[in-house]
Amino acid sequence: MRLLLPLAALLVGGSLGLSARAHGVELTQLLDRAGERVELFFTRAQSLICTELVSMQPLSSSLSADGLVRNVESELRVSWDPGADGPVTEAQVRRQVLKVNGRPPRANDHRSCTTPEQSDTETQPLSMLLPQQRVKYEFALAGDGTIDGRNAYMLDFRETAKVSADVRPIEGLEECISYDLTGGQRGRVWIDADTFDVLRLDQRLSGMIDLKMPRVMLRRPGAPTHLTLERADTSMRFARVAFTQPDESLLLPATISELRVVRPSSRLRTTTKYLNYKRFLTGSRVVG
């Protein structure tokens, strides 16, 4: 997971976990079926584009709104190359920023220390359900639930890798850092009991993570030796989208809500909406 923040001021195989059966469904069967649906999703999504609307709200220590909201509009495409003979790799989302706060992006918008301007690609979260990614996680069935009126299996997951953080300065942005996390994530997936599509994916930190500042940053007067990533909560929801010519419907990302808290002074709530799905030049509509 790669994140950026100002210095001043978010799956199959692996261990079976604690539970291997729920209502007649084996864990490995559930993972296999869900993985197949994710592969199908990535295959179909390569022919889609959509509009991403991101709203970033700085927060106070009480997690109430504190400051102006930053709005970024982008065009998204999914890039995925499973390879003819090689392993299936993680799918990447490719982003082209179209507007920042309602106007075309300007050069100094990149000095905001925030994504998405700083990232033109990122890993699609559902990659965790691809067969070659399963060994990185431990899974356990968590019972049944209901999402948007659909019966679902709940699947808990936990990254098994030792927690580490690779922290780097951003060239040309003295006040910003970028960091990649390995391990330290856990969460829950809701999988449709009939279709095995993913309906919702939640993830959070297993515990607080120290971010050791790069040596070059420590040269700045008053610079802290480290920051502490206290929270990184993400909830991703999916909705069915109808297409015509030919007629079909696909379950696609609809919203993502995120809360990130970094001690001592960075708190941000991000809300993302995915709209205007198009199959290249073919329009679409969300089925209510």
# chains A, B, ... in the order shown; residues from 1 in each chain; ligands from 1
>>> select_by_dssp(residues="range 13-240 of chain A", states="strand (DSSP E or B)", output="PyMOL selection string")
chain A and resi 15+21-22+25-26+49-59+65+70-79+92-100+103+121-123+137-147+150-159+164-170+173-182+185-192+198-205+209-212+226-240
>>> residues_around(residues="Ile147 in chain A", least_positions_apart="6", cutoff="10 Å", atoms="only C-alpha atoms", output="list in words")
Tyr153, Trp190, Ile191, Asp192, Leu199, Arg200, Arg237 and Phe238 of chain A
>>> atom_distance(atom1="CA of Glu171 in chain A", atom2="CA of Gln96 in chain A")
20.4 Å
>>> closest_residue(among="A:Asn101, A:Ser206, A:Ser266, A:Asn276", to="Val72 in chain A", atoms="only C-alpha atoms")
A:Asn101
